[in-house]
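Chemist: You'll find start_13.txt just under this line, and it carries compact mmCIF, C-alpha atoms.
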# COMPACT_ATOMS: atom_id res chain seq x y z
CA MET A 6 15.08 169.52 -38.33
CA GLN A 7 13.22 169.74 -41.62
CA GLY A 8 11.14 172.90 -41.99
CA GLN A 9 8.33 171.43 -44.05
CA ALA A 10 6.45 168.23 -44.81
CA LEU A 11 7.43 165.85 -47.61
CA PRO A 12 6.47 167.00 -51.14
CA GLY A 13 2.81 166.36 -51.78
CA PHE A 14 1.96 165.96 -48.08
CA ARG A 15 0.28 168.47 -45.79
CA ASP A 16 0.57 169.82 -42.29
CA PHE A 17 -2.80 170.72 -40.81
CA TYR A 18 -2.52 173.76 -38.59
CA PRO A 19 -5.67 174.54 -36.55
CA ASP A 20 -7.33 176.64 -39.28
CA GLU A 21 -6.63 174.01 -41.95
CA LEU A 22 -7.78 171.23 -39.65
CA ALA A 23 -10.96 173.18 -38.85
CA LEU A 24 -11.77 173.24 -42.58
CA ARG A 25 -11.00 169.52 -42.90
CA ASN A 26 -13.20 168.70 -39.90
CA TYR A 27 -15.99 170.86 -41.33
CA ILE A 28 -15.76 168.94 -44.61
CA PHE A 29 -15.76 165.57 -42.81
CA ALA A 30 -18.71 166.54 -40.60
CA THR A 31 -20.74 167.64 -43.61
CA TRP A 32 -19.89 164.46 -45.51
CA ARG A 33 -20.99 162.34 -42.56
CA GLU A 34 -24.19 164.30 -42.01
CA VAL A 35 -25.34 163.97 -45.64
CA ALA A 36 -24.36 160.29 -45.71
CA ARG A 37 -26.42 159.77 -42.54
CA ARG A 38 -29.42 161.49 -44.09
CA TYR A 39 -29.16 159.13 -47.06
CA GLY A 40 -29.03 156.04 -44.86
CA PHE A 41 -25.39 155.09 -45.50
CA GLN A 42 -23.29 153.24 -42.93
CA GLU A 43 -19.64 154.10 -42.34
CA TYR A 44 -16.87 151.53 -42.73
CA ASP A 45 -13.08 151.60 -42.89
CA GLY A 46 -10.18 149.33 -43.73
CA PRO A 47 -6.41 149.21 -43.27
CA PRO A 48 -4.26 151.87 -44.95
CA LEU A 49 -1.77 149.13 -45.92
CA GLU A 50 -2.96 146.37 -48.26
CA PRO A 51 -1.37 143.55 -50.32
CA LEU A 52 0.09 144.99 -53.51
CA GLU A 53 -1.77 142.43 -55.63
CA LEU A 54 -5.08 143.98 -54.59
CA TYR A 55 -4.20 146.93 -56.85
CA THR A 56 -2.25 145.15 -59.58
CA ASP A 57 -5.15 142.71 -60.06
CA LYS A 58 -7.44 145.68 -60.73
CA SER A 59 -5.17 148.04 -62.66
CA GLY A 60 -2.24 145.97 -63.91
CA ALA A 61 1.45 145.94 -63.01
CA GLU A 62 1.97 149.46 -64.37
CA ILE A 63 0.08 150.87 -61.37
CA VAL A 64 3.08 150.08 -59.14
CA GLN A 65 4.88 153.17 -60.47
CA GLN A 66 2.14 155.33 -58.94
CA LEU A 67 2.07 153.61 -55.54
CA TYR A 68 3.92 153.81 -52.27
CA ALA A 69 4.81 150.11 -52.56
CA PHE A 70 7.45 148.14 -50.68
CA GLU A 71 8.25 144.80 -49.10
CA ASP A 72 7.46 144.57 -45.40
CA LYS A 73 9.53 142.80 -42.76
CA GLY A 74 7.55 139.62 -43.36
CA GLY A 75 8.56 139.55 -47.00
CA ARG A 76 5.09 140.57 -48.21
CA LYS A 77 4.67 143.00 -51.10
CA VAL A 78 2.38 145.74 -49.81
CA ALA A 79 1.23 149.26 -50.71
CA LEU A 80 -0.39 152.23 -49.05
CA ARG A 81 -3.93 152.33 -50.41
CA PRO A 82 -4.31 154.59 -53.47
CA GLU A 83 -8.09 154.06 -53.59
CA MET A 84 -10.82 152.42 -51.52
CA THR A 85 -12.80 150.31 -53.97
CA PRO A 86 -10.47 147.26 -53.87
CA THR A 87 -10.68 147.25 -50.06
CA LEU A 88 -14.46 147.56 -50.28
CA ALA A 89 -14.60 144.64 -52.72
CA ARG A 90 -12.40 142.51 -50.46
CA MET A 91 -14.49 143.26 -47.37
CA VAL A 92 -17.85 142.69 -49.06
CA GLY A 93 -16.58 139.53 -50.74
CA ALA A 94 -15.65 138.08 -47.34
CA HIS A 95 -19.19 138.51 -45.93
CA ALA A 96 -21.39 138.83 -49.01
CA GLN A 97 -23.99 136.28 -47.95
CA ALA A 98 -24.53 137.86 -44.54
CA LEU A 99 -24.90 141.45 -45.76
CA LYS A 100 -28.39 142.76 -46.46
CA LYS A 101 -28.73 144.11 -50.01
CA PRO A 102 -28.55 146.76 -51.18
CA ILE A 103 -25.42 147.63 -49.23
CA ARG A 104 -25.11 151.39 -48.65
CA TRP A 105 -21.67 152.13 -47.26
CA PHE A 106 -19.42 155.17 -47.07
CA SER A 107 -15.88 155.82 -45.86
CA ILE A 108 -13.43 158.71 -45.52
CA PRO A 109 -10.00 157.14 -46.07
CA GLN A 110 -6.66 158.85 -46.50
CA LEU A 111 -5.27 157.76 -49.87
CA PHE A 112 -1.72 157.85 -51.26
CA ARG A 113 -0.34 158.04 -54.80
CA TYR A 114 3.20 158.82 -55.84
CA GLU A 115 2.52 161.02 -58.84
CA ARG A 116 3.27 164.44 -60.20
CA GLN A 117 1.80 167.20 -58.09
CA GLN A 118 -0.45 169.83 -59.61
CA ARG A 119 -3.24 172.07 -58.49
CA GLY A 120 -5.93 169.97 -56.83
CA ARG A 121 -3.76 166.83 -56.76
CA LEU A 122 -1.29 165.91 -54.03
CA ARG A 123 0.41 162.68 -53.05
CA GLU A 124 -2.04 162.18 -50.23
CA HIS A 125 -5.61 163.27 -49.73
CA PHE A 126 -8.76 162.33 -47.87
CA GLN A 127 -11.72 161.19 -49.90
CA LEU A 128 -15.38 160.52 -49.29
CA ASN A 129 -16.40 157.23 -50.92
CA MET A 130 -20.10 156.42 -51.17
CA ASP A 131 -21.14 153.11 -52.75
CA ILE A 132 -24.34 151.16 -53.31
CA LEU A 133 -23.83 147.43 -53.89
CA GLY A 134 -26.40 144.87 -54.97
CA GLU A 135 -28.81 147.19 -56.80
CA ALA A 136 -29.14 147.50 -60.60
CA SER A 137 -32.00 150.04 -60.69
CA PRO A 138 -31.26 153.47 -62.22
CA LEU A 139 -32.79 154.93 -59.07
CA ALA A 140 -29.58 153.86 -57.31
CA ASP A 141 -27.59 155.95 -59.79
CA ALA A 142 -29.87 158.91 -59.15
CA GLU A 143 -29.53 158.37 -55.40
CA LEU A 144 -25.75 158.65 -55.51
CA ILE A 145 -25.76 161.67 -57.81
CA ALA A 146 -28.31 163.32 -55.52
CA ALA A 147 -26.10 162.65 -52.49
CA ALA A 148 -23.14 164.30 -54.21
CA ILE A 149 -25.28 167.31 -55.15
CA ASP A 150 -26.75 167.57 -51.66
CA ILE A 151 -23.24 167.67 -50.20
CA MET A 152 -22.63 170.74 -52.37
CA ARG A 153 -25.91 172.23 -51.19
CA ALA A 154 -24.98 171.54 -47.56
CA PHE A 155 -21.86 173.63 -48.13
CA GLY A 156 -24.02 176.49 -49.39
CA LEU A 157 -23.17 175.97 -53.09
CA ARG A 158 -25.78 176.47 -55.81
CA PRO A 159 -26.30 175.52 -59.47
CA THR A 160 -24.42 178.68 -60.36
CA ASP A 161 -21.43 177.28 -58.45
CA VAL A 162 -21.36 173.57 -59.31
CA ARG A 163 -22.90 171.27 -61.90
CA ALA A 164 -23.17 167.48 -62.22
CA ARG A 165 -22.31 166.36 -65.75
CA VAL A 166 -23.89 162.96 -66.41
CA SER A 167 -23.33 160.41 -69.17
CA ASP A 168 -23.84 156.69 -69.77
CA ARG A 169 -21.27 154.34 -71.26
CA ARG A 170 -24.07 152.17 -72.71
CA VAL A 171 -25.57 155.18 -74.49
CA LEU A 172 -22.23 156.22 -75.91
CA ARG A 173 -21.44 152.69 -77.07
CA THR A 174 -24.85 152.32 -78.76
CA LEU A 175 -24.52 155.64 -80.57
CA LEU A 176 -20.99 154.88 -81.76
CA VAL A 177 -21.87 151.41 -83.03
CA GLY A 178 -25.02 152.81 -84.62
CA ARG A 179 -22.90 155.28 -86.58
CA GLY A 180 -20.65 152.58 -87.96
CA ILE A 181 -17.79 152.56 -85.46
CA ALA A 182 -16.49 148.98 -85.24
CA GLU A 183 -16.16 147.21 -81.88
CA ALA A 184 -12.40 147.12 -82.28
CA GLN A 185 -12.36 150.91 -82.67
CA LEU A 186 -14.49 151.65 -79.60
CA PRO A 187 -11.60 151.95 -77.09
CA THR A 188 -9.93 154.53 -79.35
CA ALA A 189 -13.22 156.38 -79.76
CA PHE A 190 -13.87 156.41 -76.01
CA GLU A 191 -10.36 157.69 -75.35
CA ALA A 192 -10.71 160.42 -77.95
CA ILE A 193 -13.97 161.59 -76.36
CA ASP A 194 -12.52 161.36 -72.85
CA LYS A 195 -9.52 163.51 -73.77
CA SER A 196 -11.54 165.75 -76.08
CA GLU A 197 -8.86 165.23 -78.72
CA ARG A 198 -9.29 164.48 -82.39
CA VAL A 199 -7.57 161.33 -83.58
CA PRO A 200 -6.06 160.94 -87.08
CA LYS A 201 -8.82 161.04 -89.68
CA GLU A 202 -7.90 157.62 -91.01
CA ALA A 203 -8.82 156.09 -87.63
CA PHE A 204 -12.54 156.40 -88.42
CA ALA A 205 -14.59 156.25 -91.57
CA GLU A 206 -16.39 159.44 -90.59
CA ASP A 207 -16.37 162.18 -87.97
CA ALA A 208 -19.26 160.58 -86.09
CA VAL A 209 -17.30 160.36 -82.86
CA PHE A 210 -17.19 164.10 -82.38
CA GLU A 211 -20.72 164.66 -83.58
CA ILE A 212 -21.86 162.29 -80.84
CA ALA A 213 -19.57 163.86 -78.26
CA SER A 214 -21.06 167.27 -79.01
CA LEU A 215 -24.57 166.18 -77.99
CA ARG A 216 -25.78 168.13 -74.94
CA GLY A 217 -28.94 167.62 -72.93
CA LEU A 218 -31.23 164.63 -72.50
CA ASP A 219 -33.55 165.65 -75.37
CA ALA A 220 -30.70 165.77 -77.89
CA VAL A 221 -29.29 162.44 -76.71
CA THR A 222 -32.75 160.81 -76.78
CA ALA A 223 -33.34 162.07 -80.32
CA ALA A 224 -30.00 160.64 -81.46
CA LEU A 225 -30.74 157.30 -79.80
CA GLY A 226 -34.06 157.13 -81.64
CA LYS A 227 -32.14 156.87 -84.92
CA VAL A 228 -30.04 153.80 -84.07
CA THR A 229 -30.88 150.17 -83.37
CA GLY A 230 -31.39 149.48 -79.67
CA GLY A 231 -31.19 153.16 -78.84
CA ASP A 232 -34.41 153.42 -76.86
CA GLU A 233 -33.44 150.49 -74.63
CA ALA A 234 -29.90 151.78 -74.10
CA GLY A 235 -31.15 155.22 -73.13
CA GLU A 236 -33.78 154.11 -70.62
CA PRO A 237 -31.49 153.98 -67.51
CA LEU A 238 -30.19 157.49 -68.20
CA ARG A 239 -33.73 158.81 -68.74
CA GLN A 240 -34.88 157.22 -65.48
CA ALA A 241 -31.95 158.55 -63.48
CA VAL A 242 -32.27 162.11 -64.81
CA GLY A 243 -36.04 161.98 -64.33
CA ALA A 244 -35.57 160.92 -60.71
CA LEU A 245 -33.18 163.80 -60.09
CA GLU A 246 -35.68 166.22 -61.58
CA ALA A 247 -38.42 164.76 -59.37
CA MET A 248 -36.19 165.46 -56.36
CA GLY A 249 -35.95 169.09 -57.43
CA LEU A 250 -32.27 168.81 -58.39
CA GLY A 251 -32.66 169.21 -62.14
CA ASP A 252 -30.93 172.60 -62.17
CA PHE A 253 -27.74 170.92 -60.95
CA VAL A 254 -27.71 168.27 -63.73
CA ALA A 255 -26.45 168.44 -67.30
CA VAL A 256 -26.28 165.45 -69.67
CA ASP A 257 -22.84 165.53 -71.29
CA LEU A 258 -21.49 162.56 -73.28
CA THR A 259 -17.87 163.71 -73.00
CA ILE A 260 -17.87 162.34 -69.44
CA VAL A 261 -16.36 158.88 -69.97
CA ARG A 262 -14.14 158.08 -66.95
CA GLY A 263 -12.19 154.83 -66.53
CA LEU A 264 -12.33 152.79 -69.71
CA ALA A 265 -11.77 149.43 -67.99
CA TYR A 266 -13.75 150.31 -64.87
CA TYR A 267 -17.20 151.81 -65.48
CA THR A 268 -20.05 150.04 -67.26
CA GLY A 269 -23.08 152.35 -67.16
CA ILE A 270 -24.02 155.81 -65.92
CA VAL A 271 -21.03 157.98 -64.99
CA PHE A 272 -20.89 161.52 -63.65
CA GLU A 273 -18.55 164.25 -62.47
CA LEU A 274 -19.16 167.41 -60.45
CA PHE A 275 -17.42 170.54 -61.69
CA ASP A 276 -17.29 174.13 -60.52
CA THR A 277 -19.09 176.24 -63.09
CA GLY A 278 -16.10 178.55 -63.36
CA LYS A 279 -14.06 175.58 -64.64
CA SER A 280 -11.01 176.77 -62.73
CA LEU A 281 -10.60 173.51 -60.80
CA ARG A 282 -10.36 169.80 -61.46
CA ALA A 283 -13.50 167.70 -60.99
CA VAL A 284 -14.79 168.03 -57.43
CA CYS A 285 -16.22 164.52 -57.51
CA GLY A 286 -16.56 161.62 -59.91
CA GLY A 287 -18.01 158.15 -60.11
CA GLY A 288 -20.51 155.85 -61.72
CA ARG A 289 -21.66 152.27 -62.16
CA TYR A 290 -18.99 149.56 -62.12
CA ASP A 291 -20.95 146.31 -62.48
CA GLY A 292 -18.54 143.37 -62.74
CA LEU A 293 -15.69 144.84 -60.73
CA LEU A 294 -16.71 143.24 -57.44
CA LYS A 295 -16.64 139.81 -59.07
CA ALA A 296 -13.13 140.43 -60.38
CA LEU A 297 -11.78 141.78 -57.10
CA GLY A 298 -13.88 140.21 -54.36
CA GLY A 299 -15.25 137.08 -55.99
CA VAL A 300 -18.89 138.13 -55.52
CA ASP A 301 -21.06 139.08 -58.49
CA LEU A 302 -23.06 142.15 -57.44
CA PRO A 303 -24.09 145.25 -59.39
CA ALA A 304 -22.27 148.22 -57.93
CA LEU A 305 -21.86 151.95 -58.21
CA GLY A 306 -20.11 154.66 -56.25
CA PHE A 307 -18.26 157.96 -56.27
CA GLY A 308 -15.24 159.58 -54.70
CA MET A 309 -15.00 163.20 -53.53
CA GLY A 310 -11.57 164.44 -52.45
CA ASP A 311 -10.89 167.07 -49.83
CA VAL A 312 -8.23 168.95 -51.83
CA VAL A 313 -10.32 170.30 -54.72
CA LEU A 314 -13.37 170.66 -52.49
CA GLY A 315 -11.33 172.64 -49.96
CA GLU A 316 -10.16 175.02 -52.68
CA LEU A 317 -13.73 175.46 -53.92
CA LEU A 318 -15.03 176.22 -50.43
CA GLN A 319 -12.28 178.74 -49.81
CA GLU A 320 -13.21 180.45 -53.08
CA ARG A 321 -16.99 180.32 -52.85
CA GLY A 322 -18.16 178.66 -49.64
CA PRO A 323 -19.18 180.13 -46.30
CA ALA A 324 -15.78 179.93 -44.60
CA ASP A 325 -17.10 180.99 -41.20
CA GLN A 326 -18.82 177.62 -40.84
CA ALA A 327 -15.41 175.93 -40.87
CA SER A 328 -14.19 178.10 -38.01
CA THR A 329 -13.13 177.01 -34.53
CA LYS A 330 -14.58 180.20 -33.05
CA LEU A 331 -15.37 180.24 -29.38
CA ASP A 332 -18.85 180.84 -28.05
CA ALA A 333 -17.44 182.91 -25.20
CA PHE A 334 -14.22 184.19 -23.69
CA LEU A 335 -14.50 184.72 -19.92
CA ILE A 336 -12.65 187.68 -18.44
CA ALA A 337 -11.76 187.83 -14.76
CA VAL A 338 -11.29 191.46 -13.70
CA SER A 339 -9.21 190.71 -10.59
CA GLY A 340 -7.47 187.80 -8.92
CA GLU A 341 -10.45 187.32 -6.60
CA ASP A 342 -12.66 186.87 -9.64
CA MET A 343 -10.65 183.91 -10.94
CA ALA A 344 -12.31 181.17 -8.87
CA PRO A 345 -15.88 182.27 -9.80
CA THR A 346 -14.72 182.52 -13.43
CA LEU A 347 -13.41 178.95 -13.35
CA LYS A 348 -16.70 177.75 -11.87
CA LEU A 349 -18.70 179.59 -14.53
CA ALA A 350 -16.47 178.26 -17.32
CA HIS A 351 -17.00 174.68 -16.21
CA GLN A 352 -20.76 175.13 -15.90
CA LEU A 353 -20.96 176.49 -19.44
CA ARG A 354 -18.74 173.70 -20.82
CA ASP A 355 -20.99 171.12 -19.21
CA LEU A 356 -23.81 172.64 -21.25
CA GLY A 357 -21.81 172.30 -24.48
CA VAL A 358 -20.68 175.94 -24.73
CA ALA A 359 -17.17 176.48 -26.15
CA VAL A 360 -15.37 178.60 -23.56
CA GLU A 361 -11.86 179.90 -22.97
CA TYR A 362 -10.38 182.25 -20.38
CA GLY A 363 -7.02 183.81 -19.64
CA LEU A 364 -4.58 181.50 -17.88
CA ARG A 365 -2.76 184.33 -16.11
CA PRO A 366 -3.76 187.74 -14.70
CA ALA A 367 -3.95 190.47 -17.34
CA ALA A 368 -5.61 193.80 -17.97
CA ILE A 369 -9.14 193.69 -19.37
CA ARG A 370 -7.88 195.23 -22.61
CA LYS A 371 -5.33 192.45 -23.08
CA GLN A 372 -7.95 189.81 -22.38
CA LEU A 373 -10.33 191.40 -24.89
CA GLU A 374 -7.54 191.34 -27.48
CA LEU A 375 -7.06 187.64 -26.83
CA ALA A 376 -10.81 187.06 -27.09
CA ALA A 377 -10.82 188.77 -30.50
CA ALA A 378 -7.82 186.76 -31.65
CA ARG A 379 -9.60 183.54 -30.67
CA GLY A 380 -12.68 184.56 -32.67
CA ALA A 381 -14.94 184.55 -29.62
CA ARG A 382 -18.49 185.64 -30.38
CA ARG A 383 -18.94 187.08 -26.90
CA ALA A 384 -16.74 188.25 -24.05
CA VAL A 385 -18.18 187.62 -20.58
CA ILE A 386 -16.70 189.96 -17.97
CA LEU A 387 -16.85 189.10 -14.28
CA GLY A 388 -15.58 191.57 -11.67
CA PRO A 389 -16.28 192.47 -8.00
CA ASP A 390 -19.31 194.63 -8.85
CA GLU A 391 -20.78 191.95 -11.08
CA ARG A 392 -20.25 189.24 -8.46
CA ALA A 393 -21.99 191.37 -5.85
CA ALA A 394 -24.98 191.87 -8.16
CA GLY A 395 -25.05 188.25 -9.37
CA GLU A 396 -24.49 189.43 -12.94
CA VAL A 397 -21.93 189.46 -15.75
CA VAL A 398 -21.25 191.97 -18.50
CA VAL A 399 -21.66 190.35 -21.93
CA ARG A 400 -19.97 192.08 -24.85
CA ASP A 401 -20.93 191.20 -28.44
CA MET A 402 -17.48 191.09 -30.04
CA LYS A 403 -18.79 191.84 -33.52
CA ALA A 404 -21.25 194.61 -32.71
CA GLY A 405 -19.26 196.06 -29.82
CA THR A 406 -22.39 196.35 -27.66
CA GLU A 407 -22.64 195.35 -24.01
CA GLU A 408 -25.44 194.25 -21.69
CA ARG A 409 -25.67 193.12 -18.09
CA VAL A 410 -27.06 189.59 -17.74
CA PRO A 411 -27.94 187.70 -14.55
CA ILE A 412 -25.52 184.79 -14.15
CA ALA A 413 -28.44 182.37 -13.87
CA LYS A 414 -29.68 183.43 -17.31
CA LEU A 415 -26.27 183.41 -19.03
CA PRO A 416 -26.57 179.83 -20.44
CA GLY A 417 -29.75 180.87 -22.27
CA LEU A 418 -27.72 183.19 -24.51
CA PHE A 419 -25.99 180.16 -26.07
CA HIS A 420 -29.00 177.93 -26.73
Show me this structure written as structure tokens.
Modeler:
Amino acid sequence: MQGQALPGFRDFYPDELALRNYIFATWREVARRYGFQEYDGPPLEPLELYTDKSGAEIVQQLYAFEDKGGRKVALRPEMTPTLARMVGAHAQALKKPIRWFSIPQLFRYERQQRGRLREHFQLNMDILGEASPLADAELIAAAIDIMRAFGLRPTDVRARVSDRRVLRTLLVGRGIAEAQLPTAFEAIDKSERVPKEAFAEDAVFEIASLRGLDAVTAALGKVTGGDEAGEPLRQAVGALEAMGLGDFVAVDLTIVRGLAYYTGIVFELFDTGKSLRAVCGGGRYDGLLKALGGVDLPALGFGMGDVVLGELLQERGPADQASTKLDAFLIAVSGEDMAPTLKLAHQLRDLGVAVEYGLRPAAIRKQLELAAARGARRAVILGPDERAAGEVVVRDMKAGTEERVPIAKLPGLFH
């Protein structure tokens, strides 16, 4: 029997699964607060769904094969093509704007590195059918509020925001020809200088060095069409500041993202220590739904993977919130105390209290050791004397203190 999972895949032991469930629960709670509805699709899709979007070269990165029906299929590497297919099938019936989210497991056969495996879970949040910059601000705010829900602050994470329209306008305004724009975008994206002969001047890197909305606005004021191109970014950043999230936001034109994918505002969330890959990334992709789903709707969205986020939370987040700790461990002192203990355990569970007890007779010391190992917040001890008095002894496992509590009042300790 193999001793470990396939390369790039994970086993989730209880502690790891507790962290994953904590992440999922937080994602769902923030999405609910923002009025998003959850959807899902099949993990196996027609291969052409991905080659139509990314070209035939994408096949090398996929778990692709021919099924028993002779169909060329692939495990989903991303969720947007599935989203486009689903929305395209029912576009007329869906109320706009569409606010959907999903938490799919995604698969890519690629080189493993820190923060990137061959499978991961990812929160996708998308708004379809809305061109207003307030939609861009809404999504960026949701991503930031997820970080805040995990207890992270502006000193921990920052949203770096750019706009492809702004960058294009500035480049063209500085004399970069249309034919040179893909090379310029790629140079900015990779933060690499291209051969000097590629451009008439070093304008590309002067533009890429602009930081902050004021600096970008000033630069736009010097080129034709700059004020119009910069208006969506100004509105989105202004909305985020009005929400009180300005400290989390930094305008940074080096954020480019997919050259053939995004059309407007783009953003990425990074840890301020810069020790990890981007925690989250996304932006506006107007036009993609028409290409993939046959329906022409403005669209924007982001993806947030569990791998990098999990590392960030383990480094900086409140790990105790991801715990599977028990509310109480019940301890039966003697064999005669077992039946009353079972009754009490079931009463507490009916009230939503997480309870465990020993499944075989053992000394109190051994049961307390098991309670500590399970992370129980309290140990509830029930013996002959306690039964006679209608009480239990409640030990605070962290403080080491004890108190006698009437059995009838015990549930009140947990609510």
Chemist: I'd like to know which of A:Arg400, A:Arg370, A:Lys227, A:Lys295 is closest to Ala96 in chain A, using all atoms listed in the file.
Modeler: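 With all atoms listed in the file as the atom set, the closest residue is A:Lys295.
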Chemist: Could you check which of A:Gly298, A:Arg354, A:Ser339, A:Val312 is closest to Ala94 in chain A, using only C-alpha atoms?
Modeler: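 Of all the options, A:Gly298 lies closest to Ala94 in chain A.
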Chemist: Within 12 Å of Gln117 in chain A, counting all atoms listed in the file, which residues show up once you throw out same-chain ones fewer than 4 positions away? Write them as a tab-separated table (two decimals) with C-alpha atoms, keeping the file's coordinate frame, please.
Modeler:
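Output file around20.tsv follows:
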chain	number	residue	atom	x	y	z
A	11	LEU	CA	7.43	165.85	-47.61
A	12	PRO	CA	6.47	167.00	-51.14
A	13	GLY	CA	2.81	166.36	-51.78
A	14	PHE	CA	1.96	165.96	-48.08
A	66	GLN	CA	2.14	155.33	-58.94
A	113	ARG	CA	-0.34	158.04	-54.80
A	121	ARG	CA	-3.76	166.83	-56.76
A	122	LEU	CA	-1.29	165.91	-54.03
A	123	ARG	CA	0.41	162.68	-53.05
A	124	GLU	CA	-2.04	162.18	-50.23
A	125	HIS	CA	-5.61	163.27	-49.73
A	312	VAL	CA	-8.23	168.95	-51.83
Chemist: Counting only C-alpha atoms, which residue out of A:Lys414, A:His420, A:Arg37, A:Arg282 sits closest to Val162 in chain A?
Modeler: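 Of A:Lys414, A:His420, A:Arg37, A:Arg282, the one nearest Val162 in chain A, counting only C-alpha atoms, is A:Arg282.
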Chemist: Select, from A:Val399, A:Leu52, A:Leu218, A:Val271, the residue with the minimum atom-to-atom distance to Gly288 in chain A, counting all atoms listed in the file.
Modeler: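 Among the listed residues, the smallest separation from Gly288 in chain A belongs to A:Val271.
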Chemist: To one decimal place, how far is CA of Gln97 in chain A from CA of Leu297 in chain A in Å?
Modeler: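 Computed distance, CA of Gln97 in chain A to CA of Leu297 in chain A, equals 16.2 Å.
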Chemist: What separation in Å, quoted to one decimal, exists between CA of Asp311 in chain A and CA of Gln127 in chain A?
Modeler: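 Pair CA of Asp311 in chain A / CA of Gln127 in chain A returns 5.9 Å.
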Chemist: What is the CA of Val177 in chain A-CA of Val256 in chain A distance in Å, reported with one decimal?
Modeler: 19.9 Å
Chemist: Let me make sure I understand: among A:Leu373, A:Val64, A:Val284, A:Ala136, which one has the smallest atom-to-atom distance to Lys101 in chain A if we use only C-alpha atoms?
Modeler: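 For Lys101 in chain A, the nearest of the candidates is A:Ala136.
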Chemist: Please provide as a list in words all residues within 10 Å of Arg33 in chain A, with the sequence filter that same-chain residues fewer than 2 positions apart are discarded (counting all atoms listed in the file).
Modeler: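 With the cut-off at 10 Å, the set is Tyr27, Ile28, Phe29, Ala30, Thr31, Val35, Ala36, Arg37, Arg38, Tyr39, Phe41, Gln42, Glu43, Phe106, Ser107, Ile108, Leu128 and Ile151 of chain A.
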Chemist: Find the residues with any atom within 12 Å of (-30.0, 160.6, -78.2); use all atoms listed in the file and the coordinates as given in the file, and write the answer as an MDAnalysis selection string.
Modeler: chainID A and resid 167:168 170:176 178 211:236 238:239 256:258
Chemist: Of the candidates A:Ala61, A:Phe126, A:Ala368, A:Ala148, which shows the shortest atom-to-atom distance to Arg25 in chain A, using all atoms listed in the file?
Modeler: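 Of the candidates, the smallest distance to Arg25 in chain A is held by A:Phe126.
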Chemist: Which neighbours of Tyr266 in chain A fall inside 12 Å, counting all atoms listed in the file, when residues of the same chain fewer than 5 positions from it are skipped, and could you give them as an mmCIF file with C-alpha atoms, in the coordinates of the input?
Modeler:
data_model
loop_
_atom_site.group_PDB
_atom_site.id
_atom_site.type_symbol
_atom_site.label_atom_id
_atom_site.label_comp_id
_atom_site.auth_asym_id
_atom_site.auth_seq_id
_atom_site.Cartn_x
_atom_site.Cartn_y
_atom_site.Cartn_z
ATOM 1 C CA LYS A 58 -7.440 145.680 -60.730
ATOM 2 C CA SER A 59 -5.170 148.040 -62.660
ATOM 3 C CA THR A 85 -12.800 150.310 -53.970
ATOM 4 C CA PRO A 86 -10.470 147.260 -53.870
ATOM 5 C CA ARG A 169 -21.270 154.340 -71.260
ATOM 6 C CA VAL A 261 -16.360 158.880 -69.970
ATOM 7 C CA VAL A 271 -21.030 157.980 -64.990
ATOM 8 C CA GLY A 287 -18.010 158.150 -60.110
ATOM 9 C CA GLY A 288 -20.510 155.850 -61.720
ATOM 10 C CA ARG A 289 -21.660 152.270 -62.160
ATOM 11 C CA TYR A 290 -18.990 149.560 -62.120
ATOM 12 C CA ASP A 291 -20.950 146.310 -62.480
ATOM 13 C CA GLY A 292 -18.540 143.370 -62.740
ATOM 14 C CA LEU A 293 -15.690 144.840 -60.730
ATOM 15 C CA LEU A 294 -16.710 143.240 -57.440
ATOM 16 C CA ALA A 296 -13.130 140.430 -60.380
ATOM 17 C CA LEU A 297 -11.780 141.780 -57.100
ATOM 18 C CA ALA A 304 -22.270 148.220 -57.930
ATOM 19 C CA LEU A 305 -21.860 151.950 -58.210
ATOM 20 C CA GLY A 306 -20.110 154.660 -56.250
#
Chemist: Skipping near chain neighbours, those fewer than 3 positions away, what residues fall within 12 Å of Ile369 in chain A using all atoms listed in the file, listed as a ChimeraX atom specification?
Modeler: /A:334-339,362-363,365-366,372-376,384-388
Chemist: For the residues in the current selection, export C-alpha atoms as a PDB file, keeping the file's coordinate frame.
Modeler:
ATOM      1  CA  PHE A 334     -14.220 184.190 -23.690  1.00  0.00           C
ATOM      2  CA  LEU A 335     -14.500 184.720 -19.920  1.00  0.00           C
ATOM      3  CA  ILE A 336     -12.650 187.680 -18.440  1.00  0.00           C
ATOM      4  CA  ALA A 337     -11.760 187.830 -14.760  1.00  0.00           C
ATOM      5  CA  VAL A 338     -11.290 191.460 -13.700  1.00  0.00           C
ATOM      6  CA  SER A 339      -9.210 190.710 -10.590  1.00  0.00           C
ATOM      7  CA  TYR A 362     -10.380 182.250 -20.380  1.00  0.00           C
ATOM      8  CA  GLY A 363      -7.020 183.810 -19.640  1.00  0.00           C
ATOM      9  CA  ARG A 365      -2.760 184.330 -16.110  1.00  0.00           C
ATOM     10  CA  PRO A 366      -3.760 187.740 -14.700  1.00  0.00           C
ATOM     11  CA  GLN A 372      -7.950 189.810 -22.380  1.00  0.00           C
ATOM     12  CA  LEU A 373     -10.330 191.400 -24.890  1.00  0.00           C
ATOM     13  CA  GLU A 374      -7.540 191.340 -27.480  1.00  0.00           C
ATOM     14  CA  LEU A 375      -7.060 187.640 -26.830  1.00  0.00           C
ATOM     15  CA  ALA A 376     -10.810 187.060 -27.090  1.00  0.00           C
ATOM     16  CA  ALA A 384     -16.740 188.250 -24.050  1.00  0.00           C
ATOM     17  CA  VAL A 385     -18.180 187.620 -20.580  1.00  0.00           C
ATOM     18  CA  ILE A 386     -16.700 189.960 -17.970  1.00  0.00           C
ATOM     19  CA  LEU A 387     -16.850 189.100 -14.280  1.00  0.00           C
ATOM     20  CA  GLY A 388     -15.580 191.570 -11.670  1.00  0.00           C
TER      21      GLY A 388
END
